[in-house]
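Trainee: Here it is, the structure in full.
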Amino acid sequence: MLKRRHFIMTSAAMFSAPIAMPAFAQPSNWDAWDAQVTPLGYDPATSNPWGIHERFLPRLVEANPGLTPGDIHVDAVARYLYQIREGGTAMRYGVAIGRGDLYEPGTYTIARKVRWPSWTPTANMIRRNPEEYEQYADGVPGGPTNPLGSRALYLYVGNRDTYLRIHGTPQPWSIGSRASSGCVRMVMAHIIDLYEEVEIGSTAWLYPASNGVTAAS
């Protein structure tokens with residue numbers, strides 16, 4: 001596990017533009033939905049129509065030596081997600097994490113990633129809160145109001161799907177809080193950009209939501 005000072009020194013804000021997928025691979029409404037959830041004149045470092053705290057906007061930061069480019073580290077205390085880049089840097093994003101004891105720290109493999117995913121509540125979610133989730137037991141198609149938002153990274157342990165996701169959210173005001181049913185939430189425009197940088201097989205490190213061990217200073 002990484003100690004609290006594993007990531008240090010915020011540098012100038014930087015961000016990569018999203019990379020378009022081939023047109024034949026896209027349903028006709030994907031691009032329209034991307035435009036719907038991306039602010040006009042979008043600048044990741046400054047655009048904030050969601051009213052989230054400024055510290056949760058994307059920033060390029062300096063990473064400690066020895067971290068693997070492509071890996072993701074989630075600091076559950078500070079509510080930051082770091083994606084390690086080449087050259088000793090990382091992109092930092094604000095996130096929301098699971099409420100109560102639903103957040104599950106651990107080491108996971110990103111075995112799948114999906115653009116505008118569908119969503120189905122788990123059996124545990126329906127059992128805990130049938131009034132909220134039972135109506136969606138047959139699943140919800142992808143779209144701007146879908147709980148998984150614009151993109152989802154699927155977290156596995158070995159060949160087992162944990163049902164944990166790093167995903168966009170139609171509730172951007174929840175960023176910085178403990179709000180989800182165990183997953184890690186991001187602003188939809190932010191995860192659109194992150195998605196293009198993530199390779200299948202990368203490791204996601206989710207650190208405990210306590211003051212003892214975190215991923216950032």
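Every chain in the structure tokens has a letter given in the order shown (A, B, ...), and although residue numbers restart at 1 in each chain, ligands are simply numbered from 1 in the order shown.
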Can you check which parts of stretch 100-205 of chain A lie within 10 Å of stretch 75-81 of chain A? Per residue, the shortest pair of atoms and distance in Å to one decimal, counting only C-alpha atoms, sorted by chain and number, as a tab-separated table.
Mentor:
```
residue	atom	partner	partner_atom	distance
A:Tyr103	CA	A:Ala76	CA	8.9
A:Pro105	CA	A:Ala76	CA	8.6
A:Ile166	CA	A:Leu81	CA	9.7
A:Ile175	CA	A:Arg79	CA	8.0
A:Gly176	CA	A:Arg79	CA	5.5
A:Ser177	CA	A:Arg79	CA	7.5
A:Arg178	CA	A:Arg79	CA	8.9
A:Val184	CA	A:Leu81	CA	8.9
A:Arg185	CA	A:Leu81	CA	9.7
A:Met186	CA	A:Leu81	CA	8.9
A:Ala204	CA	A:Leu81	CA	9.7
A:Trp205	CA	A:Asp75	CA	8.7
```
Trainee: For N, CA, C and O atoms, I'd like the residues from the last selection saved as an mmCIF file, in the first residue's frame.
Mentor:
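The result, written out as selection33.cif:
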```cif
data_model
loop_
_atom_site.group_PDB
_atom_site.id
_atom_site.type_symbol
_atom_site.label_atom_id
_atom_site.label_comp_id
_atom_site.auth_asym_id
_atom_site.auth_seq_id
_atom_site.Cartn_x
_atom_site.Cartn_y
_atom_site.Cartn_z
ATOM 1 N N TYR A 103 -18.060 0.833 0.112
ATOM 2 C CA TYR A 103 -16.787 1.030 -0.586
ATOM 3 C C TYR A 103 -15.865 -0.140 -0.257
ATOM 4 O O TYR A 103 -15.721 -0.519 0.908
ATOM 5 N N PRO A 105 -12.068 -1.270 -0.620
ATOM 6 C CA PRO A 105 -10.671 -1.086 -1.003
ATOM 7 C C PRO A 105 -10.071 -2.410 -1.469
ATOM 8 O O PRO A 105 -10.503 -3.488 -1.050
ATOM 9 N N ILE A 166 -15.588 2.056 -12.110
ATOM 10 C CA ILE A 166 -15.227 3.472 -12.141
ATOM 11 C C ILE A 166 -16.032 4.041 -13.299
ATOM 12 O O ILE A 166 -15.879 3.577 -14.435
ATOM 13 N N ILE A 175 -19.715 14.579 -6.435
ATOM 14 C CA ILE A 175 -18.262 14.432 -6.435
ATOM 15 C C ILE A 175 -17.690 15.030 -5.143
ATOM 16 O O ILE A 175 -18.053 16.127 -4.726
ATOM 17 N N GLY A 176 -16.787 14.267 -4.531
ATOM 18 C CA GLY A 176 -16.210 14.676 -3.258
ATOM 19 C C GLY A 176 -16.900 14.072 -2.054
ATOM 20 O O GLY A 176 -16.437 14.244 -0.927
ATOM 21 N N SER A 177 -17.966 13.318 -2.299
ATOM 22 C CA SER A 177 -18.744 12.764 -1.184
ATOM 23 C C SER A 177 -18.683 11.240 -1.184
ATOM 24 O O SER A 177 -18.029 10.623 -2.024
ATOM 25 N N ARG A 178 -19.391 10.652 -0.236
ATOM 26 C CA ARG A 178 -19.618 9.212 -0.208
ATOM 27 C C ARG A 178 -21.076 8.999 -0.583
ATOM 28 O O ARG A 178 -21.968 9.160 0.245
ATOM 29 N N VAL A 184 -16.870 3.943 -7.878
ATOM 30 C CA VAL A 184 -16.166 5.225 -7.887
ATOM 31 C C VAL A 184 -16.759 6.067 -9.008
ATOM 32 O O VAL A 184 -16.731 5.673 -10.177
ATOM 33 N N ARG A 185 -17.302 7.216 -8.648
ATOM 34 C CA ARG A 185 -17.978 8.087 -9.616
ATOM 35 C C ARG A 185 -17.081 9.225 -10.075
ATOM 36 O O ARG A 185 -16.306 9.763 -9.293
ATOM 37 N N MET A 186 -17.265 9.635 -11.348
ATOM 38 C CA MET A 186 -16.574 10.798 -11.896
ATOM 39 C C MET A 186 -17.550 11.658 -12.684
ATOM 40 O O MET A 186 -18.602 11.183 -13.142
ATOM 41 N N ALA A 204 -6.104 -1.202 -10.966
ATOM 42 C CA ALA A 204 -6.746 -0.128 -10.201
ATOM 43 C C ALA A 204 -6.549 -0.418 -8.713
ATOM 44 O O ALA A 204 -6.946 -1.487 -8.226
ATOM 45 N N TRP A 205 -5.910 0.515 -8.017
ATOM 46 C CA TRP A 205 -5.650 0.393 -6.581
ATOM 47 C C TRP A 205 -6.648 1.296 -5.857
ATOM 48 O O TRP A 205 -6.605 2.519 -6.002
#
```
Trainee: Step one, run DSSP on the backbone; step two, keep only residues of stretch 7-185 of chain A assigned to strand (DSSP E or B); then write them as a VMD selection string.
Mentor: chain A and resid 7 to 10 59 to 63 72 to 75 80 to 85 89 to 94 96 to 98 106 to 115 119 140 151 to 157 160 to 169 178 to 180 184 to 185
Trainee: Could you write out, as JSON, numbers by chain, all the residues of stretch 72-211 of chain A that DSSP marks as alpha helix (DSSP H)?
Mentor: {"A": [123, 124, 125, 126, 127, 128, 130, 131, 132, 133, 188, 189, 190, 191, 192, 193, 194, 195, 196, 197]}
Trainee: May I have the selected residues written with N, CA, C and O atoms, as a PDB file, in the first residue's frame?
Mentor:
```pdb
ATOM      1  N   ALA A 123     -28.143  -7.911  -7.213  1.00  0.00           N
ATOM      2  CA  ALA A 123     -29.123  -8.520  -6.312  1.00  0.00           C
ATOM      3  C   ALA A 123     -29.023  -7.931  -4.913  1.00  0.00           C
ATOM      4  O   ALA A 123     -30.048  -7.728  -4.231  1.00  0.00           O
ATOM      5  N   ASN A 124     -27.798  -7.623  -4.472  1.00  0.00           N
ATOM      6  CA  ASN A 124     -27.628  -7.024  -3.145  1.00  0.00           C
ATOM      7  C   ASN A 124     -28.254  -5.639  -3.075  1.00  0.00           C
ATOM      8  O   ASN A 124     -28.840  -5.270  -2.049  1.00  0.00           O
ATOM      9  N   MET A 125     -28.111  -4.860  -4.146  1.00  0.00           N
ATOM     10  CA  MET A 125     -28.719  -3.530  -4.168  1.00  0.00           C
ATOM     11  C   MET A 125     -30.238  -3.629  -4.073  1.00  0.00           C
ATOM     12  O   MET A 125     -30.877  -2.878  -3.334  1.00  0.00           O
ATOM     13  N   ILE A 126     -30.816  -4.566  -4.821  1.00  0.00           N
ATOM     14  CA  ILE A 126     -32.270  -4.736  -4.790  1.00  0.00           C
ATOM     15  C   ILE A 126     -32.723  -5.211  -3.417  1.00  0.00           C
ATOM     16  O   ILE A 126     -33.746  -4.744  -2.886  1.00  0.00           O
ATOM     17  N   ARG A 127     -31.948  -6.097  -2.814  1.00  0.00           N
ATOM     18  CA  ARG A 127     -32.304  -6.603  -1.489  1.00  0.00           C
ATOM     19  C   ARG A 127     -32.227  -5.499  -0.428  1.00  0.00           C
ATOM     20  O   ARG A 127     -33.088  -5.405   0.452  1.00  0.00           O
ATOM     21  N   ARG A 128     -31.189  -4.645  -0.527  1.00  0.00           N
ATOM     22  CA  ARG A 128     -31.038  -3.561   0.454  1.00  0.00           C
ATOM     23  C   ARG A 128     -32.111  -2.495   0.313  1.00  0.00           C
ATOM     24  O   ARG A 128     -32.580  -1.938   1.303  1.00  0.00           O
ATOM     25  N   PRO A 130     -35.285  -2.333  -2.096  1.00  0.00           N
ATOM     26  CA  PRO A 130     -36.161  -2.759  -3.191  1.00  0.00           C
ATOM     27  C   PRO A 130     -37.014  -1.628  -3.761  1.00  0.00           C
ATOM     28  O   PRO A 130     -37.297  -1.628  -4.966  1.00  0.00           O
ATOM     29  N   GLU A 131     -37.413  -0.681  -2.928  1.00  0.00           N
ATOM     30  CA  GLU A 131     -38.256   0.399  -3.427  1.00  0.00           C
ATOM     31  C   GLU A 131     -37.532   1.245  -4.468  1.00  0.00           C
ATOM     32  O   GLU A 131     -38.143   1.743  -5.415  1.00  0.00           O
ATOM     33  N   GLU A 132     -36.223   1.376  -4.303  1.00  0.00           N
ATOM     34  CA  GLU A 132     -35.456   2.191  -5.240  1.00  0.00           C
ATOM     35  C   GLU A 132     -35.011   1.405  -6.467  1.00  0.00           C
ATOM     36  O   GLU A 132     -35.041   1.919  -7.590  1.00  0.00           O
ATOM     37  N   TYR A 133     -34.614   0.137  -6.269  1.00  0.00           N
ATOM     38  CA  TYR A 133     -33.913  -0.574  -7.333  1.00  0.00           C
ATOM     39  C   TYR A 133     -34.710  -1.677  -8.034  1.00  0.00           C
ATOM     40  O   TYR A 133     -34.379  -2.054  -9.159  1.00  0.00           O
ATOM     41  N   MET A 188     -18.986  13.167 -15.876  1.00  0.00           N
ATOM     42  CA  MET A 188     -19.041  12.485 -17.173  1.00  0.00           C
ATOM     43  C   MET A 188     -18.014  13.016 -18.165  1.00  0.00           C
ATOM     44  O   MET A 188     -17.369  12.246 -18.885  1.00  0.00           O
ATOM     45  N   ALA A 189     -17.860  14.325 -18.240  1.00  0.00           N
ATOM     46  CA  ALA A 189     -16.876  14.887 -19.168  1.00  0.00           C
ATOM     47  C   ALA A 189     -15.465  14.455 -18.811  1.00  0.00           C
ATOM     48  O   ALA A 189     -14.616  14.267 -19.685  1.00  0.00           O
ATOM     49  N   HIS A 190     -15.182  14.289 -17.511  1.00  0.00           N
ATOM     50  CA  HIS A 190     -13.847  13.887 -17.080  1.00  0.00           C
ATOM     51  C   HIS A 190     -13.547  12.442 -17.455  1.00  0.00           C
ATOM     52  O   HIS A 190     -12.460  12.125 -17.933  1.00  0.00           O
ATOM     53  N   ILE A 191     -14.511  11.547 -17.249  1.00  0.00           N
ATOM     54  CA  ILE A 191     -14.230  10.146 -17.553  1.00  0.00           C
ATOM     55  C   ILE A 191     -14.226   9.893 -19.058  1.00  0.00           C
ATOM     56  O   ILE A 191     -13.585   8.942 -19.525  1.00  0.00           O
ATOM     57  N   ILE A 192     -14.870  10.743 -19.829  1.00  0.00           N
ATOM     58  CA  ILE A 192     -14.753  10.618 -21.285  1.00  0.00           C
ATOM     59  C   ILE A 192     -13.292  10.736 -21.695  1.00  0.00           C
ATOM     60  O   ILE A 192     -12.783   9.966 -22.524  1.00  0.00           O
ATOM     61  N   ASP A 193     -12.577  11.674 -21.107  1.00  0.00           N
ATOM     62  CA  ASP A 193     -11.165  11.856 -21.428  1.00  0.00           C
ATOM     63  C   ASP A 193     -10.301  10.745 -20.825  1.00  0.00           C
ATOM     64  O   ASP A 193      -9.399  10.226 -21.483  1.00  0.00           O
ATOM     65  N   LEU A 194     -10.560  10.391 -19.571  1.00  0.00           N
ATOM     66  CA  LEU A 194      -9.798   9.336 -18.923  1.00  0.00           C
ATOM     67  C   LEU A 194      -9.917   8.023 -19.689  1.00  0.00           C
ATOM     68  O   LEU A 194      -8.926   7.287 -19.865  1.00  0.00           O
ATOM     69  N   TYR A 195     -11.099   7.712 -20.144  1.00  0.00           N
ATOM     70  CA  TYR A 195     -11.404   6.448 -20.818  1.00  0.00           C
ATOM     71  C   TYR A 195     -10.423   6.139 -21.943  1.00  0.00           C
ATOM     72  O   TYR A 195      -9.982   4.996 -22.114  1.00  0.00           O
ATOM     73  N   GLU A 196     -10.090   7.162 -22.727  1.00  0.00           N
ATOM     74  CA  GLU A 196      -9.215   6.955 -23.880  1.00  0.00           C
ATOM     75  C   GLU A 196      -7.790   6.616 -23.471  1.00  0.00           C
ATOM     76  O   GLU A 196      -7.024   6.067 -24.261  1.00  0.00           O
ATOM     77  N   GLU A 197      -7.418   6.936 -22.224  1.00  0.00           N
ATOM     78  CA  GLU A 197      -6.054   6.699 -21.745  1.00  0.00           C
ATOM     79  C   GLU A 197      -5.900   5.354 -21.054  1.00  0.00           C
ATOM     80  O   GLU A 197      -4.781   4.927 -20.762  1.00  0.00           O
TER      81      GLU A 197
END
```
Trainee: Write out as a list in words each polymer residue whose atoms come within 7 Å of A:Ser181, counting only C-alpha atoms; drop sequence neighbours fewer than 3 positions from it.
Mentor: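 Contacts, with the query itself left out: Gly98, Arg99 and Leu102 of chain A.
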Trainee: Excluding same-chain residues fewer than 6 positions from A:Asp71, what lies within 6 Å of it counting only C-alpha atoms, as number ranges by chain?
Mentor: A: 83-84, 202-204
Trainee: For those residues, write all heavy atoms to a file as a PDB file, in the first residue's frame.
Mentor:
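Listed below is the output, selection_10.pdb:
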```pdb
ATOM      1  N   GLN A  83      -4.425   8.733 -12.529  1.00  0.00           N
ATOM      2  CA  GLN A  83      -4.007   7.812 -13.571  1.00  0.00           C
ATOM      3  C   GLN A  83      -2.566   8.124 -13.917  1.00  0.00           C
ATOM      4  O   GLN A  83      -2.227   9.247 -14.311  1.00  0.00           O
ATOM      5  CB  GLN A  83      -4.884   7.926 -14.815  1.00  0.00           C
ATOM      6  CG  GLN A  83      -4.790   6.696 -15.705  1.00  0.00           C
ATOM      7  CD  GLN A  83      -4.347   6.980 -17.116  1.00  0.00           C
ATOM      8  OE1 GLN A  83      -4.139   8.118 -17.504  1.00  0.00           O
ATOM      9  NE2 GLN A  83      -4.192   5.923 -17.891  1.00  0.00           N
ATOM     10  N   ILE A  84      -1.678   7.135 -13.711  1.00  0.00           N
ATOM     11  CA  ILE A  84      -0.246   7.356 -13.867  1.00  0.00           C
ATOM     12  C   ILE A  84       0.096   7.494 -15.343  1.00  0.00           C
ATOM     13  O   ILE A  84      -0.344   6.701 -16.186  1.00  0.00           O
ATOM     14  CB  ILE A  84       0.562   6.198 -13.237  1.00  0.00           C
ATOM     15  CG1 ILE A  84       0.102   5.961 -11.793  1.00  0.00           C
ATOM     16  CG2 ILE A  84       2.057   6.506 -13.291  1.00  0.00           C
ATOM     17  CD1 ILE A  84       0.206   7.168 -10.887  1.00  0.00           C
ATOM     18  N   SER A 202      -4.941  -2.909 -17.129  1.00  0.00           N
ATOM     19  CA  SER A 202      -4.336  -2.007 -16.146  1.00  0.00           C
ATOM     20  C   SER A 202      -4.844  -2.351 -14.750  1.00  0.00           C
ATOM     21  O   SER A 202      -5.921  -2.923 -14.581  1.00  0.00           O
ATOM     22  CB  SER A 202      -4.673  -0.555 -16.471  1.00  0.00           C
ATOM     23  OG  SER A 202      -4.186  -0.193 -17.751  1.00  0.00           O
ATOM     24  N   THR A 203      -4.058  -1.971 -13.754  1.00  0.00           N
ATOM     25  CA  THR A 203      -4.421  -2.232 -12.362  1.00  0.00           C
ATOM     26  C   THR A 203      -5.055  -0.998 -11.733  1.00  0.00           C
ATOM     27  O   THR A 203      -4.591   0.126 -11.968  1.00  0.00           O
ATOM     28  CB  THR A 203      -3.183  -2.642 -11.548  1.00  0.00           C
ATOM     29  OG1 THR A 203      -2.622  -3.819 -12.126  1.00  0.00           O
ATOM     30  CG2 THR A 203      -3.539  -2.921 -10.090  1.00  0.00           C
ATOM     31  N   ALA A 204      -6.104  -1.202 -10.966  1.00  0.00           N
ATOM     32  CA  ALA A 204      -6.746  -0.128 -10.201  1.00  0.00           C
ATOM     33  C   ALA A 204      -6.549  -0.418  -8.713  1.00  0.00           C
ATOM     34  O   ALA A 204      -6.946  -1.487  -8.226  1.00  0.00           O
ATOM     35  CB  ALA A 204      -8.229  -0.036 -10.527  1.00  0.00           C
TER      36      ALA A 204
END
```
Trainee: Would you pick out the contacts of A:Glu104 at 9 Å or less, using only C-alpha atoms, so that residues sharing its chain but fewer than 2 positions from it are not included, and give the list as a short mmCIF file (atom, residue, chain, number, x, y, z; two decimals) with C-alpha atoms, in the first residue's frame?
Mentor:
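As written to disk, result.cif reads:
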```
data_model
loop_
_atom_site.label_atom_id
_atom_site.label_comp_id
_atom_site.auth_asym_id
_atom_site.auth_seq_id
_atom_site.Cartn_x
_atom_site.Cartn_y
_atom_site.Cartn_z
CA GLY A 98 -19.23 4.28 -1.94
CA ASP A 101 -19.34 0.16 4.26
CA LEU A 102 -20.18 -0.29 0.56
CA GLY A 106 -8.45 -3.52 -2.84
CA LEU A 164 -17.44 -2.45 -8.91
CA GLY A 182 -19.74 0.96 -3.81
CA CYS A 183 -18.45 2.27 -7.14
CA LEU A 206 -8.52 1.46 -4.30
CA TYR A 207 -7.16 2.63 -0.95
CA PRO A 208 -9.04 2.51 2.37
CA ALA A 209 -11.43 5.31 3.26
#
```
Trainee: Would you pick out the contacts of stretch 24-40 of chain A at 12 Å or less, using only C-alpha atoms, so that residues sharing its chain but fewer than 2 positions from it are not included, and give the list as a short mmCIF file (atom, residue, chain, number, x, y, z; two decimals) with N, CA, C and O atoms, in the first residue's frame?
Mentor:
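Dumped everything to out.cif:
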```cif
data_model
loop_
_atom_site.label_atom_id
_atom_site.label_comp_id
_atom_site.auth_asym_id
_atom_site.auth_seq_id
_atom_site.Cartn_x
_atom_site.Cartn_y
_atom_site.Cartn_z
N PRO A 18 -10.01 14.18 -25.99
CA PRO A 18 -10.50 12.84 -26.25
C PRO A 18 -10.16 12.37 -27.65
O PRO A 18 -10.11 13.16 -28.58
N ALA A 20 -11.23 10.24 -30.84
CA ALA A 20 -12.46 9.71 -31.43
C ALA A 20 -12.28 8.26 -31.82
O ALA A 20 -11.23 7.85 -32.32
N MET A 21 -13.32 7.44 -31.59
CA MET A 21 -13.32 6.06 -32.05
C MET A 21 -13.78 6.04 -33.50
O MET A 21 -14.42 6.99 -33.98
N PRO A 22 -13.47 4.98 -34.26
CA PRO A 22 -13.91 4.90 -35.65
C PRO A 22 -15.42 5.01 -35.76
O PRO A 22 -16.17 4.46 -34.95
N TYR A 42 -15.37 23.40 -23.73
CA TYR A 42 -14.85 22.65 -22.59
C TYR A 42 -13.34 22.77 -22.42
O TYR A 42 -12.57 22.47 -23.32
N ASP A 43 -12.92 23.23 -21.24
CA ASP A 43 -11.52 23.24 -20.80
C ASP A 43 -11.49 22.48 -19.49
O ASP A 43 -12.01 22.96 -18.49
N PRO A 44 -10.92 21.27 -19.49
CA PRO A 44 -10.98 20.44 -18.27
C PRO A 44 -10.47 21.13 -17.02
O PRO A 44 -10.94 20.86 -15.91
N THR A 46 -10.69 24.29 -16.22
CA THR A 46 -11.46 25.44 -15.73
C THR A 46 -12.97 25.27 -15.85
O THR A 46 -13.71 25.90 -15.08
N SER A 47 -13.45 24.48 -16.80
CA SER A 47 -14.90 24.34 -16.99
C SER A 47 -15.52 23.69 -15.76
O SER A 47 -15.08 22.62 -15.32
N ASN A 48 -16.56 24.34 -15.23
CA ASN A 48 -17.17 23.81 -14.01
C ASN A 48 -18.64 24.22 -13.90
O ASN A 48 -19.06 24.84 -12.91
N PRO A 49 -19.44 23.87 -14.89
CA PRO A 49 -20.88 24.18 -14.77
C PRO A 49 -21.56 23.35 -13.69
O PRO A 49 -22.69 23.64 -13.31
N TRP A 50 -20.87 22.33 -13.19
CA TRP A 50 -21.44 21.44 -12.18
C TRP A 50 -21.33 22.03 -10.78
O TRP A 50 -21.95 21.54 -9.84
N VAL A 114 -16.42 0.28 -21.28
CA VAL A 114 -17.59 0.41 -22.15
C VAL A 114 -17.99 1.87 -22.29
O VAL A 114 -18.02 2.63 -21.31
N ARG A 115 -18.29 2.26 -23.51
CA ARG A 115 -18.80 3.59 -23.79
C ARG A 115 -20.32 3.57 -23.70
O ARG A 115 -20.98 2.72 -24.28
N TRP A 116 -20.89 4.50 -22.96
CA TRP A 116 -22.33 4.60 -22.72
C TRP A 116 -22.92 3.23 -22.35
O TRP A 116 -23.75 2.67 -23.07
N PRO A 117 -22.49 2.69 -21.21
CA PRO A 117 -22.91 1.33 -20.81
C PRO A 117 -24.36 1.29 -20.34
O PRO A 117 -24.94 2.28 -19.90
N GLY A 142 -28.10 2.40 -21.95
CA GLY A 142 -27.16 3.52 -21.85
C GLY A 142 -27.80 4.84 -22.25
O GLY A 142 -28.77 4.88 -23.01
N GLY A 143 -27.25 5.92 -21.72
CA GLY A 143 -27.75 7.25 -22.03
C GLY A 143 -27.38 8.23 -20.94
O GLY A 143 -26.86 7.83 -19.87
N PRO A 144 -27.63 9.52 -21.14
CA PRO A 144 -27.20 10.55 -20.18
C PRO A 144 -27.80 10.44 -18.80
O PRO A 144 -27.26 11.00 -17.84
N THR A 145 -28.93 9.74 -18.64
CA THR A 145 -29.52 9.59 -17.30
C THR A 145 -29.20 8.24 -16.67
O THR A 145 -29.61 7.98 -15.54
N ASN A 146 -28.48 7.39 -17.39
CA ASN A 146 -28.09 6.09 -16.84
C ASN A 146 -27.14 6.27 -15.68
O ASN A 146 -26.24 7.11 -15.73
N GLY A 149 -23.48 6.56 -16.46
CA GLY A 149 -23.03 7.72 -17.21
C GLY A 149 -22.40 7.39 -18.54
O GLY A 149 -22.74 6.41 -19.20
N SER A 150 -21.42 8.23 -18.91
CA SER A 150 -20.87 8.21 -20.26
C SER A 150 -19.87 7.10 -20.53
O SER A 150 -19.67 6.71 -21.68
N ARG A 151 -19.19 6.62 -19.49
CA ARG A 151 -18.17 5.59 -19.64
C ARG A 151 -18.11 4.77 -18.36
O ARG A 151 -18.42 5.28 -17.27
N GLY A 168 -18.92 7.30 -15.00
CA GLY A 168 -19.49 8.64 -14.97
C GLY A 168 -20.77 8.65 -14.15
O GLY A 168 -21.32 7.60 -13.82
N THR A 169 -21.24 9.84 -13.84
CA THR A 169 -22.47 9.93 -13.06
C THR A 169 -23.33 11.09 -13.54
O THR A 169 -22.81 12.16 -13.87
N PRO A 170 -24.65 10.90 -13.61
CA PRO A 170 -25.56 12.01 -13.90
C PRO A 170 -25.79 12.90 -12.68
O PRO A 170 -26.60 13.83 -12.74
N GLN A 171 -25.08 12.63 -11.58
CA GLN A 171 -25.18 13.43 -10.36
C GLN A 171 -23.81 14.03 -10.02
O GLN A 171 -23.18 13.67 -9.03
N PRO A 172 -23.31 14.95 -10.85
CA PRO A 172 -21.96 15.49 -10.64
C PRO A 172 -21.80 16.22 -9.32
O PRO A 172 -20.68 16.32 -8.81
N VAL A 187 -17.19 12.92 -12.85
CA VAL A 187 -17.93 13.79 -13.78
C VAL A 187 -17.88 13.16 -15.17
O VAL A 187 -16.83 12.66 -15.60
N MET A 188 -18.99 13.17 -15.88
CA MET A 188 -19.04 12.49 -17.17
C MET A 188 -18.01 13.02 -18.17
O MET A 188 -17.37 12.25 -18.89
N ALA A 189 -17.86 14.33 -18.24
CA ALA A 189 -16.88 14.89 -19.17
C ALA A 189 -15.46 14.46 -18.81
O ALA A 189 -14.62 14.27 -19.69
N HIS A 190 -15.18 14.29 -17.51
CA HIS A 190 -13.85 13.89 -17.08
C HIS A 190 -13.55 12.44 -17.45
O HIS A 190 -12.46 12.12 -17.93
N ILE A 191 -14.51 11.55 -17.25
CA ILE A 191 -14.23 10.15 -17.55
C ILE A 191 -14.23 9.89 -19.06
O ILE A 191 -13.59 8.94 -19.53
N ILE A 192 -14.87 10.74 -19.83
CA ILE A 192 -14.75 10.62 -21.28
C ILE A 192 -13.29 10.74 -21.70
O ILE A 192 -12.78 9.97 -22.52
N ASP A 193 -12.58 11.67 -21.11
CA ASP A 193 -11.16 11.86 -21.43
C ASP A 193 -10.30 10.74 -20.83
O ASP A 193 -9.40 10.23 -21.48
#
```
Trainee: What's the separation between atom CA of A:Glu54 and atom CA of A:Ala179, in Å to one decimal place?
Mentor: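 Computing the Euclidean distance for atom CA of A:Glu54 and atom CA of A:Ala179 yields 19.1 Å.
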Trainee: In Å to one decimal, how far is atom CA of A:Pro65 from atom CA of A:Gly158?
Mentor: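 If I compute the distance from atom CA of A:Gly158 to atom CA of A:Pro65, I get 26.9 Å.
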Trainee: When you count only C-alpha atoms, which of these residues is closest to A:Thr107: A:Ala63, A:Met91, A:Val157, A:Ala152?
Mentor: A:Val157
Trainee: Hey, can you check how far atom CA of A:Gly41 sits from atom CA of A:Ala96?
Mentor: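 Spanning atom CA of A:Gly41 to atom CA of A:Ala96 is a straight-line distance of 25.0 Å.
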Trainee: May I have the residues within 8 Å of A:Arg112 as JSON, numbers by chain, using only C-alpha atoms and disregarding those fewer than 6 positions away in the same chain?
Mentor: {"A": [153, 154, 155, 200]}
Trainee: Based on the selection just made, write C-alpha atoms of those residues as an mmCIF file, in the first residue's frame.
Mentor:
```cif
data_model
loop_
_atom_site.group_PDB
_atom_site.id
_atom_site.type_symbol
_atom_site.label_atom_id
_atom_site.label_comp_id
_atom_site.auth_asym_id
_atom_site.auth_seq_id
_atom_site.Cartn_x
_atom_site.Cartn_y
_atom_site.Cartn_z
ATOM 1 C CA LEU A 153 -14.315 0.775 -16.335
ATOM 2 C CA TYR A 154 -15.134 -2.701 -14.995
ATOM 3 C CA LEU A 155 -13.094 -3.958 -12.032
ATOM 4 C CA ILE A 200 -7.486 -3.184 -20.648
#
```
